[in-house]
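K.L.:
As input, take work.txt (compact mmCIF, C-alpha atoms):
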```txt
# COMPACT_ATOMS: atom_id res chain seq x y z
CA MET L 585 4.31 -129.31 -76.19
CA LYS L 586 6.78 -131.97 -75.12
CA ALA L 587 9.79 -129.83 -74.34
CA LEU L 588 13.00 -131.43 -73.15
CA ASN L 589 14.55 -131.78 -69.71
CA ARG L 590 17.50 -129.37 -69.62
CA ARG L 591 19.57 -131.43 -67.17
CA GLU L 592 19.27 -134.53 -69.35
CA VAL L 593 20.16 -132.57 -72.49
CA VAL L 594 23.29 -131.08 -70.92
CA ALA L 595 24.31 -134.41 -69.37
CA SER L 596 24.04 -136.04 -72.81
CA LEU L 597 26.16 -133.32 -74.42
CA LEU L 598 28.87 -133.32 -71.73
CA GLU L 599 29.30 -137.03 -70.97
CA ARG L 600 32.59 -138.40 -72.29
CA ARG L 601 33.50 -134.83 -73.20
CA GLY L 602 37.13 -135.50 -74.07
CA ALA L 603 39.02 -132.30 -74.81
CA LEU L 604 35.90 -130.13 -75.07
CA LEU L 605 36.17 -126.60 -73.62
CA VAL L 606 32.94 -125.28 -72.11
CA VAL L 607 31.66 -121.81 -71.21
CA ALA L 608 28.44 -121.81 -69.18
CA GLY L 609 26.19 -118.75 -69.10
CA LEU L 610 25.02 -117.49 -65.74
CA GLY L 611 22.08 -119.01 -63.91
CA SER L 612 20.43 -122.28 -64.80
CA ALA L 613 22.81 -123.11 -67.64
CA ALA L 614 25.73 -122.97 -65.20
CA TRP L 615 23.83 -125.15 -62.71
CA ASP L 616 23.04 -127.63 -65.51
CA CYS L 617 26.70 -127.87 -66.51
CA THR L 618 27.74 -128.31 -62.88
CA ALA L 619 25.11 -131.01 -62.39
CA ALA L 620 26.74 -132.84 -65.30
CA GLY L 621 30.00 -132.73 -63.34
CA ASP L 622 32.14 -129.83 -62.13
CA HIS L 623 35.13 -129.71 -64.47
CA PRO L 624 38.23 -127.49 -64.68
CA LEU L 625 37.65 -126.98 -68.41
CA THR L 626 34.19 -125.55 -67.79
CA PHE L 627 34.15 -121.82 -67.13
CA PRO L 628 30.83 -121.05 -65.43
CA LEU L 629 29.67 -117.45 -65.15
CA TRP L 630 28.11 -115.90 -62.06
CA GLY L 631 27.61 -112.50 -63.70
CA ALA L 632 28.51 -110.43 -66.78
CA MET L 633 25.20 -111.43 -68.36
CA GLY L 634 25.38 -111.45 -72.15
CA SER L 635 29.09 -112.32 -72.27
CA ALA L 636 29.05 -116.11 -72.62
CA CYS L 637 29.22 -116.27 -76.41
CA MET L 638 32.01 -113.71 -76.59
CA ILE L 639 34.09 -115.61 -74.04
CA GLY L 640 33.52 -118.66 -76.23
CA LEU L 641 34.69 -116.73 -79.29
CA GLY L 642 37.86 -115.48 -77.60
CA LEU L 643 38.62 -119.02 -76.50
CA ALA L 644 37.88 -120.48 -79.93
CA LEU L 645 40.17 -117.95 -81.64
CA ALA L 646 42.95 -118.66 -79.12
CA GLN L 647 42.55 -122.45 -79.39
CA PRO L 648 41.51 -123.10 -83.00
CA GLU L 649 42.24 -126.84 -82.73
CA ARG L 650 39.97 -127.37 -79.73
CA ARG L 651 36.20 -127.78 -79.72
CA VAL L 652 34.50 -125.01 -77.76
CA LEU L 653 30.92 -125.22 -76.51
CA VAL L 654 28.93 -122.33 -75.05
CA VAL L 655 25.92 -123.48 -73.02
CA THR L 656 23.62 -120.66 -72.04
CA GLY L 657 20.02 -119.66 -71.49
CA ASP L 658 17.65 -117.70 -73.69
CA GLY L 659 17.72 -114.62 -71.44
CA GLU L 660 21.52 -114.54 -71.39
CA MET L 661 21.66 -115.03 -75.16
CA LEU L 662 19.15 -112.25 -75.76
CA MET L 663 21.30 -109.82 -73.79
CA GLY L 664 24.28 -110.61 -76.02
CA LEU L 665 22.44 -110.90 -79.33
CA GLY L 666 25.02 -108.74 -81.09
CA SER L 667 27.69 -111.33 -80.31
CA LEU L 668 26.01 -113.65 -82.82
CA ALA L 669 26.83 -111.12 -85.54
CA THR L 670 30.39 -110.83 -84.23
CA ILE L 671 30.80 -114.62 -84.27
CA GLY L 672 29.21 -114.78 -87.71
CA ALA L 673 31.82 -112.36 -89.00
CA GLN L 674 34.67 -114.60 -87.73
CA ARG L 675 33.13 -118.03 -88.40
CA PRO L 676 35.21 -120.10 -85.97
CA ARG L 677 34.93 -123.66 -87.25
CA LYS L 678 34.98 -125.43 -83.90
CA LEU L 679 32.66 -123.21 -81.87
CA ALA L 680 29.13 -124.34 -80.97
CA VAL L 681 26.45 -122.51 -79.02
CA VAL L 682 23.62 -124.35 -77.26
CA VAL L 683 20.83 -122.17 -75.91
CA LEU L 684 18.62 -123.91 -73.36
CA ASP L 685 15.42 -122.07 -74.17
CA ASN L 686 12.73 -122.32 -71.50
CA GLU L 687 11.24 -119.02 -72.69
CA ARG L 688 11.63 -117.71 -69.15
CA TYR L 689 13.96 -115.67 -66.95
CA GLY L 690 14.31 -118.63 -64.61
CA GLU L 691 16.37 -116.98 -61.87
CA THR L 692 14.17 -113.95 -61.37
CA GLY L 693 10.62 -115.27 -61.15
CA MET L 694 9.99 -117.07 -64.44
CA GLN L 695 9.04 -113.96 -66.40
CA LYS L 696 8.53 -114.61 -70.12
CA THR L 697 11.51 -113.83 -72.36
CA HIS L 698 11.33 -112.64 -75.95
CA THR L 699 11.53 -116.23 -77.20
CA GLY L 700 8.23 -116.72 -75.39
CA TYR L 701 6.88 -113.87 -77.50
CA GLY L 702 8.17 -115.49 -80.67
CA THR L 703 11.80 -114.44 -81.15
CA ASP L 704 13.50 -117.14 -83.22
CA LEU L 705 17.10 -117.18 -81.99
CA ALA L 706 18.10 -119.92 -84.41
CA ALA L 707 16.92 -117.75 -87.30
CA VAL L 708 18.98 -114.85 -85.95
CA ALA L 709 22.10 -117.05 -85.74
CA SER L 710 21.46 -118.35 -89.23
CA ALA L 711 21.07 -114.82 -90.58
CA CYS L 712 24.34 -113.89 -88.86
CA GLY L 713 26.24 -116.54 -90.82
CA PHE L 714 26.36 -119.59 -88.56
CA ALA L 715 27.12 -122.69 -90.61
CA ASP L 716 24.24 -124.62 -89.07
CA SER L 717 21.48 -123.32 -86.85
CA ARG L 718 18.42 -125.22 -85.66
CA ILE L 719 15.61 -125.34 -83.14
CA ILE L 720 15.66 -128.67 -81.30
CA ARG L 721 12.41 -129.96 -79.82
CA ARG L 722 12.84 -133.75 -79.53
CA ASN L 723 15.07 -136.06 -77.55
CA THR L 724 15.74 -138.06 -80.69
CA GLU L 725 17.59 -135.04 -82.13
CA ILE L 726 20.09 -134.73 -79.26
CA ALA L 727 22.45 -137.41 -80.58
CA ALA L 728 22.82 -135.44 -83.81
CA VAL L 729 23.41 -132.22 -81.87
CA ARG L 730 26.12 -133.98 -79.86
CA SER L 731 27.74 -135.31 -83.01
CA SER L 732 27.78 -131.83 -84.56
CA ILE L 733 29.28 -130.24 -81.45
CA TYR L 734 32.17 -132.73 -81.40
CA ARG L 735 32.70 -133.21 -85.13
CA GLY L 736 30.69 -130.71 -87.17
CA ARG L 737 31.89 -127.62 -88.99
CA GLY L 738 30.97 -124.48 -87.09
CA PRO L 739 29.98 -122.06 -86.02
CA LEU L 740 26.95 -124.01 -84.85
CA PHE L 741 23.85 -122.88 -83.03
CA PHE L 742 21.22 -125.03 -81.35
CA GLN L 743 18.19 -123.50 -79.68
CA VAL L 744 16.96 -126.37 -77.52
CA LYS L 745 13.40 -125.95 -76.28
CA VAL L 746 13.37 -127.10 -72.65
CA LYS L 747 10.69 -127.30 -69.96
CA PRO L 748 10.48 -124.30 -67.60
CA ASP L 749 11.20 -126.46 -64.57
CA ALA L 750 12.62 -125.04 -61.36
CA LEU L 751 15.32 -127.64 -60.69
CA PRO L 752 17.56 -128.07 -57.64
CA LEU L 753 20.51 -125.66 -57.63
CA VAL L 754 23.83 -127.36 -58.33
CA LEU L 755 26.34 -124.58 -57.87
CA PRO L 756 29.86 -124.31 -59.29
CA PRO L 757 32.65 -122.62 -57.28
CA ARG L 758 31.99 -118.90 -56.86
CA ASP L 759 35.59 -117.65 -56.85
CA GLY L 760 36.20 -116.20 -60.30
CA ALA L 761 39.98 -116.14 -59.92
CA HIS L 762 39.94 -119.82 -58.97
CA LEU L 763 37.75 -120.68 -61.97
CA LYS L 764 40.13 -118.79 -64.26
CA HIS L 765 43.30 -120.32 -62.81
CA ARG L 766 42.06 -123.90 -62.85
CA PHE L 767 40.87 -123.53 -66.44
CA ARG L 768 44.20 -122.14 -67.63
CA GLU L 769 46.19 -124.71 -65.69
CA ALA L 770 44.12 -127.57 -67.11
CA LEU L 771 44.39 -126.19 -70.65
CA LEU L 772 47.82 -124.60 -70.75
CA GLY L 773 49.76 -126.44 -68.05
CA LYS L 774 51.22 -125.70 -64.64
CA GLY L 775 53.18 -122.62 -65.62
CA ALA L 776 50.12 -120.91 -67.08
CA ALA L 777 49.29 -118.74 -64.08
CA ALA L 778 52.35 -116.56 -64.56
CA GLN L 779 52.16 -116.39 -68.35
CA MET E 841 59.97 -98.20 -82.58
CA GLN E 842 58.23 -95.01 -83.57
CA ARG E 843 58.02 -94.47 -87.29
CA LYS E 844 57.62 -91.13 -88.91
CA THR E 845 55.43 -90.07 -91.77
CA SER E 846 55.53 -86.98 -93.92
CA LYS E 847 51.81 -86.36 -93.60
CA SER E 848 52.29 -82.78 -92.55
CA SER E 849 53.72 -80.42 -95.14
CA SER E 850 55.71 -78.40 -92.66
CA ALA E 851 57.16 -80.89 -90.21
CA GLU E 852 57.51 -84.60 -89.71
CA VAL E 853 54.76 -86.04 -87.53
CA ILE E 854 55.22 -88.95 -85.18
CA ASP E 855 53.07 -91.86 -86.30
CA TRP E 856 51.59 -92.55 -82.86
CA PRO E 857 49.12 -95.26 -83.99
CA ALA E 858 52.12 -97.18 -85.36
CA ALA E 859 53.85 -96.71 -82.02
CA ILE E 860 50.82 -98.20 -80.25
CA HIS E 861 50.72 -101.06 -82.76
CA SER E 862 54.39 -101.78 -82.05
CA ALA E 863 53.69 -101.79 -78.33
CA LEU E 864 50.85 -104.28 -78.84
CA LYS E 865 53.19 -106.45 -80.92
CA SER E 866 55.97 -106.39 -78.36
CA GLN E 867 53.45 -107.34 -75.66
CA ARG E 868 52.26 -110.31 -77.78
CA VAL E 869 48.70 -109.04 -78.18
CA ARG E 870 46.97 -111.20 -80.79
CA GLN E 871 43.22 -110.54 -80.64
CA VAL E 872 42.39 -106.88 -81.27
CA SER E 873 38.69 -106.08 -81.08
CA TYR E 874 37.14 -102.74 -81.81
CA VAL E 875 34.13 -100.57 -82.32
CA PRO E 876 35.60 -98.08 -84.76
CA ASP E 877 36.45 -94.50 -84.02
CA ALA E 878 37.98 -92.08 -86.50
CA GLY E 879 40.85 -91.64 -84.05
CA HIS E 880 41.55 -95.38 -84.22
CA LYS E 881 41.33 -95.59 -88.02
CA ARG E 882 45.04 -96.09 -88.64
CA LEU E 883 45.61 -98.45 -85.72
CA ILE E 884 42.68 -100.61 -86.85
CA GLU E 885 44.17 -100.75 -90.36
CA LEU E 886 47.59 -101.68 -88.99
CA CYS E 887 46.08 -104.49 -86.91
CA HIS E 888 44.04 -105.81 -89.84
CA SER E 889 47.10 -105.90 -92.07
CA ASP E 890 49.21 -107.62 -89.39
CA ARG E 891 49.22 -111.36 -90.05
CA GLY E 892 50.16 -112.03 -86.45
CA MET E 893 46.96 -110.43 -85.22
CA ILE E 894 43.25 -111.07 -85.51
CA ALA E 895 41.43 -107.74 -85.76
CA LEU E 896 37.71 -108.09 -85.31
CA PRO E 897 34.79 -105.67 -85.27
CA LEU E 898 32.29 -105.76 -82.41
CA THR E 899 28.66 -104.69 -82.47
CA SER E 900 29.05 -103.10 -79.03
CA GLU E 901 32.07 -102.44 -76.85
CA GLU E 902 31.24 -104.78 -73.97
CA GLU E 903 31.65 -107.73 -76.33
CA GLY E 904 35.38 -107.05 -76.30
CA ILE E 905 35.59 -107.63 -72.55
CA GLY E 906 34.14 -111.11 -72.89
CA LEU E 907 36.42 -111.74 -75.86
CA ALA E 908 39.48 -110.69 -73.86
CA ALA E 909 38.47 -113.02 -71.02
CA GLY E 910 38.04 -115.93 -73.42
CA ALA E 911 41.34 -115.14 -75.13
CA TRP E 912 43.13 -115.20 -71.76
CA LEU E 913 41.50 -118.51 -70.80
CA GLY E 914 42.87 -119.84 -74.09
CA GLY E 915 46.37 -118.45 -73.55
CA GLU E 916 46.22 -115.35 -75.74
CA ARG E 917 46.31 -111.62 -75.12
CA SER E 918 43.67 -109.23 -76.36
CA ALA E 919 43.24 -105.46 -76.65
CA LEU E 920 39.98 -103.54 -77.02
CA LEU E 921 39.69 -100.32 -79.04
CA MET E 922 36.81 -97.89 -78.67
CA GLN E 923 35.89 -94.26 -78.28
CA SER E 924 34.87 -92.88 -74.91
CA SER E 925 31.14 -93.21 -75.57
CA GLY E 926 31.68 -96.97 -75.61
CA VAL E 927 32.93 -97.01 -72.05
CA GLY E 928 29.35 -96.51 -70.94
CA ASN E 929 28.40 -99.75 -72.66
CA CYS E 930 31.03 -101.70 -70.76
CA VAL E 931 30.26 -101.19 -67.11
CA ASN E 932 28.61 -104.49 -66.14
CA ALA E 933 30.89 -106.57 -68.35
CA LEU E 934 33.87 -105.02 -66.54
CA THR E 935 32.90 -107.11 -63.49
CA LEU E 936 34.47 -110.03 -65.39
CA ALA E 937 37.82 -108.35 -64.95
CA SER E 938 37.29 -107.41 -61.30
CA ASN E 939 35.71 -110.71 -60.22
CA CYS E 940 38.16 -113.01 -61.98
CA GLY E 941 41.30 -110.90 -62.30
CA PHE E 942 41.31 -111.07 -66.06
CA PRO E 943 43.86 -108.80 -67.73
CA LEU E 944 42.16 -106.12 -69.81
CA LEU E 945 43.75 -103.51 -72.06
CA MET E 946 41.37 -100.84 -73.36
CA LEU E 947 42.52 -98.14 -75.78
CA VAL E 948 39.99 -95.33 -75.60
CA THR E 949 39.95 -92.32 -77.91
CA MET E 950 38.39 -89.40 -76.07
CA ARG E 951 35.43 -87.33 -77.17
CA GLY E 952 33.90 -84.41 -75.34
CA GLU E 953 37.21 -82.71 -74.69
CA THR E 954 38.89 -79.59 -76.07
CA GLY E 955 37.48 -78.71 -79.46
CA GLU E 956 34.47 -81.09 -79.41
CA ARG E 957 31.81 -79.93 -81.88
CA ASN E 958 29.10 -82.43 -80.94
CA PRO E 959 27.60 -81.48 -77.59
CA TRP E 960 26.00 -84.91 -77.23
CA GLN E 961 29.48 -86.41 -76.90
CA VAL E 962 30.35 -84.27 -73.90
CA PRO E 963 28.51 -86.01 -71.03
CA MET E 964 29.92 -89.50 -71.65
CA GLY E 965 33.37 -88.14 -72.48
CA GLN E 966 33.40 -86.22 -69.23
CA ALA E 967 32.15 -89.23 -67.26
CA THR E 968 34.62 -91.66 -68.83
CA PRO E 969 37.57 -91.47 -66.38
CA GLU E 970 35.29 -91.66 -63.34
CA ALA E 971 33.16 -94.43 -64.81
CA LEU E 972 36.28 -96.48 -65.39
CA ARG E 973 37.60 -95.75 -61.91
CA LEU E 974 34.31 -96.80 -60.33
CA ALA E 975 34.42 -100.03 -62.34
CA GLY E 976 37.91 -100.78 -61.04
CA VAL E 977 39.86 -99.93 -64.18
CA HIS E 978 43.21 -98.11 -63.96
CA THR E 979 43.54 -95.18 -66.35
CA LEU E 980 46.55 -93.72 -68.13
CA ARG E 981 46.52 -90.64 -70.37
CA LEU E 982 48.16 -90.21 -73.73
CA GLU E 983 48.43 -86.52 -74.59
CA ARG E 984 51.42 -86.25 -76.93
CA ALA E 985 52.45 -88.37 -79.88
CA GLU E 986 56.03 -88.77 -78.72
CA GLU E 987 54.82 -90.46 -75.52
CA ALA E 988 52.75 -93.07 -77.36
CA SER E 989 55.26 -95.91 -77.27
CA ALA E 990 56.15 -95.51 -73.60
CA VAL E 991 52.58 -95.03 -72.41
CA ALA E 992 51.16 -97.90 -74.50
CA ASN E 993 53.89 -100.24 -73.27
CA THR E 994 53.22 -99.22 -69.68
CA ALA E 995 49.49 -99.81 -70.09
CA ALA E 996 50.07 -103.24 -71.62
CA LYS E 997 52.44 -104.21 -68.83
CA ILE E 998 49.93 -103.17 -66.17
CA ALA E 999 47.29 -105.27 -67.94
CA PHE E 1000 49.21 -108.44 -68.69
CA GLU E 1001 51.99 -108.54 -66.11
CA GLU E 1002 49.92 -107.34 -63.17
CA GLN E 1003 46.82 -109.01 -64.59
CA SER E 1004 44.56 -106.05 -64.06
CA ALA E 1005 42.23 -103.86 -66.08
CA VAL E 1006 43.68 -100.71 -67.60
CA ALA E 1007 42.39 -98.10 -70.01
CA LEU E 1008 44.67 -95.84 -72.01
CA LEU E 1009 42.73 -92.62 -72.64
CA ILE E 1010 43.91 -90.94 -75.83
CA SER E 1011 43.43 -87.19 -75.77
CA GLN E 1012 41.06 -85.61 -78.28
CA GLN E 1013 43.68 -82.98 -78.98
CA LEU E 1014 46.02 -85.73 -80.15
CA ILE E 1015 43.53 -87.43 -82.45
CA GLY E 1016 42.07 -84.22 -83.82
CA VAL E 1017 38.53 -82.92 -83.79
CA LYS E 1018 35.68 -84.07 -86.00
CA SER E 1019 34.70 -80.97 -87.95
CA PHE E 1020 31.26 -81.87 -89.37
CA GLU E 1021 32.20 -79.71 -92.36
CA GLU E 1022 34.15 -82.05 -94.59
CA LYS E 1023 32.33 -84.11 -97.20
CA ARG E 1024 33.02 -87.82 -97.43
```
Let me see the file written as structure tokens.

P.N.:
Amino acid sequence: MKALNRREVVASLLERRGALLVVAGLGSAAWDCTAAGDHPLTFPLWGAMGSACMIGLGLALAQPERRVLVVTGDGEMLMGLGSLATIGAQRPRKLAVVVLDNERYGETGMQKTHTGYGTDLAAVASACGFADSRIIRRNTEIAAVRSSIYRGRGPLFFQVKVKPDALPLVLPPRDGAHLKHRFREALLGKGAAAQ
Amino acid sequence: MQRKTSKSSSAEVIDWPAAIHSALKSQRVRQVSYVPDAGHKRLIELCHSDRGMIALPLTSEEEGIGLAAGAWLGGERSALLMQSSGVGNCVNALTLASNCGFPLLMLVTMRGETGERNPWQVPMGQATPEALRLAGVHTLRLERAEEASAVANTAAKIAFEEQSAVALLISQQLIGVKSFEEKR
């Protein structure tokens, strides 16, 4: 199987990102987003596994005019599977979820996840009411994914099959308060911290 | 302001869920997430019918902690409604609040207290205040309807003005006891 390179996929999705707001799930997805360029409007997680999609939903509901992208891994998504139903019930039009699916728990020894046993996350998202939900296996499909994320009608879900490579760690800042403050300041302006 | 209803035949009863709703309004809470509890029935209805709020059901309580964090990143305030059994589902997600200093306002209806008829509710109800304390969440108690406005406003101020995590624990004696005898 010719699975994709996760770093290249994320770099393609985040280059010339404009006003895009990004939430990155813990572990490799956060390293991938950081490798594409540390950015104040990316909120990378170091914990709270299973929360990435819900943070994306809260952000999308608060900022309905902005595009919001959640980038996470299959293990993180599996832990928050119920959040797909919660998002499906709200149907935020400008929210997209990209799951980088290497079918492994990459940070803990490459144990097989449920997607490696056949769980079809895209089918789950579709059944939960996402407007478009697909499994992506080829590089030639990434341009269309990018176009949907920036212009399509959500909620959108892309389960991107990627190679289970152990790539160099590219770490975002660890200080959660700093990550929060810089995001709010970049989005809401200088006075945001006291709001 | 606290409104009154004539629900009781003998005396006027303070509409404490409406008082909490008013406190949420005055604190500019917009996203109200919940896993339902019978004790939250009226407050959930008030939030759903409020055009200035988005009331949304969760599949599990910890989702509301992520939602509140995302709301805050986007410049909005969120509150999370649940019963005490849901606190057990929240523990790891609560590290979002402690690691990042996200404001968090939890409104928790208590089970396993005076009058509880389901013994399976008792262990989590009893563990709730300590579980929250261990997770770094301040707790306030609401015991009497007439205190609802003041206590809910205080809880919201601790959450949003001090930017910390707070749970308002609503006494089972206030919400009433599930009887298991009435038919739906």

K.L.:
Considering all atoms listed in the file, state which residue in the set E:Met922, E:Leu913, E:Leu1008, E:Ala971 is at the smallest distance from Ala992 in chain E.

P.N.:
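Between E:Met922, E:Leu913, E:Leu1008, E:Ala971, the residue approaching Ala992 in chain E most closely is E:Leu1008.
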
K.L.:
Rank nothing, just name the residue among E:Asp890, E:Glu970, E:Glu901, E:Glu885 nearest to Ser873 in chain E, using only C-alpha atoms.

P.N.:
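Checking each candidate against Ser873 in chain E, we get E:Glu901 as the closest.
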
K.L.:
Point out the residue among L:Val655, L:Val593, L:Ala761, L:Leu668 with the least atom-to-atom distance to chain E, counting only C-alpha atoms.

P.N.:
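Among the listed residues, the smallest separation from chain E belongs to L:Ala761.
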
K.L.:
Could you tell me which residues of chain E sit within 12 Å of chain L when counting all atoms listed in the file, and give me the result as a PyMOL selection string?

P.N.:
chain E and resi 867-875+893-919+930-943+1000-1004

K.L.:
Can you pull out the residues contacting Val977 in chain E? Cut-off 7 Å, using all atoms listed in the file, and skip same-chain residues under 6 positions away; I want them as number ranges by chain.

P.N.:
E: 1005-1007

K.L.:
What does the distance from CA of Val948 in chain E to CA of Val927 in chain E come to in Å, to one decimal?

P.N.:
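Taking CA of Val948 in chain E and CA of Val927 in chain E, their separation equals 8.1 Å.
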
K.L.:
Return as AutoDock Vina command-line options the box centre and box size in Å, one decimal, for an axis-aligned box around all listed atoms of range 981-995 of chain E padded by 5 Å per side.

P.N.:
```
--center_x 51.3 --center_y -93.2 --center_z -74.8 --size_x 19.6 --size_y 24.0 --size_z 20.2
```

K.L.:
Tell me which of L:Val652, L:Ala707, L:Val682, L:Ala608 sits closest to Ile726 in chain L, counting all atoms listed in the file.

P.N.:
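Closest residue, counting all atoms listed in the file: L:Val682.
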
K.L.:
May I ask which of the residues L:Glu691, L:Asp622, L:Glu649, L:Asp685 is the closest one to Pro752 in chain L, counting all atoms listed in the file?

P.N.:
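The answer is L:Glu691, which sits nearest to Pro752 in chain L.
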
K.L.:
Just want the 12 Å neighbourhood of Cys617 in chain L, counted on all atoms listed in the file, with same-chain residues fewer than 3 positions away dropped. Output as a PDB file with C-alpha atoms, in the frame of the given file.

P.N.:
```pdb
ATOM      1  CA  ARG L 590      17.500-129.370 -69.620  1.00  0.00           C
ATOM      2  CA  ARG L 591      19.570-131.430 -67.170  1.00  0.00           C
ATOM      3  CA  GLU L 592      19.270-134.530 -69.350  1.00  0.00           C
ATOM      4  CA  VAL L 593      20.160-132.570 -72.490  1.00  0.00           C
ATOM      5  CA  VAL L 594      23.290-131.080 -70.920  1.00  0.00           C
ATOM      6  CA  ALA L 595      24.310-134.410 -69.370  1.00  0.00           C
ATOM      7  CA  SER L 596      24.040-136.040 -72.810  1.00  0.00           C
ATOM      8  CA  LEU L 597      26.160-133.320 -74.420  1.00  0.00           C
ATOM      9  CA  LEU L 598      28.870-133.320 -71.730  1.00  0.00           C
ATOM     10  CA  GLU L 599      29.300-137.030 -70.970  1.00  0.00           C
ATOM     11  CA  ARG L 601      33.500-134.830 -73.200  1.00  0.00           C
ATOM     12  CA  LEU L 605      36.170-126.600 -73.620  1.00  0.00           C
ATOM     13  CA  VAL L 606      32.940-125.280 -72.110  1.00  0.00           C
ATOM     14  CA  VAL L 607      31.660-121.810 -71.210  1.00  0.00           C
ATOM     15  CA  ALA L 608      28.440-121.810 -69.180  1.00  0.00           C
ATOM     16  CA  GLY L 609      26.190-118.750 -69.100  1.00  0.00           C
ATOM     17  CA  LEU L 610      25.020-117.490 -65.740  1.00  0.00           C
ATOM     18  CA  GLY L 611      22.080-119.010 -63.910  1.00  0.00           C
ATOM     19  CA  SER L 612      20.430-122.280 -64.800  1.00  0.00           C
ATOM     20  CA  ALA L 613      22.810-123.110 -67.640  1.00  0.00           C
ATOM     21  CA  ALA L 614      25.730-122.970 -65.200  1.00  0.00           C
ATOM     22  CA  ALA L 620      26.740-132.840 -65.300  1.00  0.00           C
ATOM     23  CA  GLY L 621      30.000-132.730 -63.340  1.00  0.00           C
ATOM     24  CA  ASP L 622      32.140-129.830 -62.130  1.00  0.00           C
ATOM     25  CA  HIS L 623      35.130-129.710 -64.470  1.00  0.00           C
ATOM     26  CA  PRO L 624      38.230-127.490 -64.680  1.00  0.00           C
ATOM     27  CA  LEU L 625      37.650-126.980 -68.410  1.00  0.00           C
ATOM     28  CA  THR L 626      34.190-125.550 -67.790  1.00  0.00           C
ATOM     29  CA  PHE L 627      34.150-121.820 -67.130  1.00  0.00           C
ATOM     30  CA  PRO L 628      30.830-121.050 -65.430  1.00  0.00           C
ATOM     31  CA  LEU L 629      29.670-117.450 -65.150  1.00  0.00           C
ATOM     32  CA  LEU L 653      30.920-125.220 -76.510  1.00  0.00           C
ATOM     33  CA  VAL L 654      28.930-122.330 -75.050  1.00  0.00           C
ATOM     34  CA  VAL L 655      25.920-123.480 -73.020  1.00  0.00           C
ATOM     35  CA  THR L 656      23.620-120.660 -72.040  1.00  0.00           C
ATOM     36  CA  GLY L 657      20.020-119.660 -71.490  1.00  0.00           C
ATOM     37  CA  VAL L 682      23.620-124.350 -77.260  1.00  0.00           C
ATOM     38  CA  LEU L 684      18.620-123.910 -73.360  1.00  0.00           C
ATOM     39  CA  LEU L 753      20.510-125.660 -57.630  1.00  0.00           C
ATOM     40  CA  VAL L 754      23.830-127.360 -58.330  1.00  0.00           C
ATOM     41  CA  LEU L 755      26.340-124.580 -57.870  1.00  0.00           C
ATOM     42  CA  PRO L 756      29.860-124.310 -59.290  1.00  0.00           C
TER      43      PRO L 756
END
```

K.L.:
Can you measure CA of Leu1014 in chain E to CA of Ile884 in chain E for me? One decimal in Å is fine.

P.N.:
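We find that CA of Leu1014 in chain E and CA of Ile884 in chain E lie 16.7 Å from each other.
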
K.L.:
Can you measure CA of Gln1012 in chain E to CA of Gly952 in chain E for me? One decimal in Å is fine.

P.N.:
7.8 Å

K.L.:
Skip Gly690 in chain L itself and residues of its chain fewer than 4 positions away, then list as a count of residues only all residues within 10 Å of it, counting all atoms listed in the file.

P.N.:
14

K.L.:
Please determine, counting all atoms listed in the file, which residue among E:Ile1010, E:Leu944, E:Ala967, E:Ala988 has the shortest atom-to-atom distance to Asp877 in chain E.

P.N.:
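Under the stated criterion, the closest residue is E:Ile1010.
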
K.L.:
Compute the distance from (17.5, -128.6, -77.5) to each atom, counting only C-alpha atoms, keep the residues with any atom at most 9 Å away, and return them as a ChimeraX atom specification; use the coordinates of the file.

P.N.:
/L:587-590,593,682-685,718-723,725-726,729,742-746

K.L.:
Might you pull out every residue within 6 Å of Gly713 in chain L, with only C-alpha atoms counted and same-chain residues fewer than 2 positions away left off, and present them as a VMD selection string?

P.N.:
chain L and resid 672 710 to 711

K.L.:
I need the chosen residues saved as a short mmCIF file (atom, residue, chain, number, x, y, z; two decimals), keeping the file's coordinate frame, with C-alpha atoms.

P.N.:
```cif
data_model
loop_
_atom_site.label_atom_id
_atom_site.label_comp_id
_atom_site.auth_asym_id
_atom_site.auth_seq_id
_atom_site.Cartn_x
_atom_site.Cartn_y
_atom_site.Cartn_z
CA GLY L 672 29.21 -114.78 -87.71
CA SER L 710 21.46 -118.35 -89.23
CA ALA L 711 21.07 -114.82 -90.58
#
```

K.L.:
Where atoms are missing, can you supply N, CA and C atoms for range 684-690 of chain L and output the lot as a tab-separated table (two decimals), in the frame of the given file?

P.N.:
```tsv
chain	number	residue	atom	x	y	z
L	684	LEU	N	19.69	-123.15	-74.03
L	684	LEU	CA	18.62	-123.91	-73.36
L	684	LEU	C	17.46	-122.94	-73.19
L	685	ASP	N	16.48	-123.09	-74.05
L	685	ASP	CA	15.42	-122.07	-74.17
L	685	ASP	C	14.15	-122.54	-73.45
L	686	ASN	N	13.98	-122.02	-72.23
L	686	ASN	CA	12.73	-122.32	-71.50
L	686	ASN	C	11.72	-121.18	-71.62
L	687	GLU	N	12.10	-120.18	-72.43
L	687	GLU	CA	11.24	-119.02	-72.69
L	687	GLU	C	10.93	-118.25	-71.41
L	688	ARG	N	11.85	-118.36	-70.45
L	688	ARG	CA	11.63	-117.71	-69.15
L	688	ARG	C	12.96	-117.15	-68.62
L	689	TYR	N	12.85	-116.09	-67.80
L	689	TYR	CA	13.96	-115.67	-66.95
L	689	TYR	C	13.86	-116.49	-65.67
L	690	GLY	N	14.53	-117.64	-65.65
L	690	GLY	CA	14.31	-118.63	-64.61
L	690	GLY	C	14.80	-118.24	-63.23
```
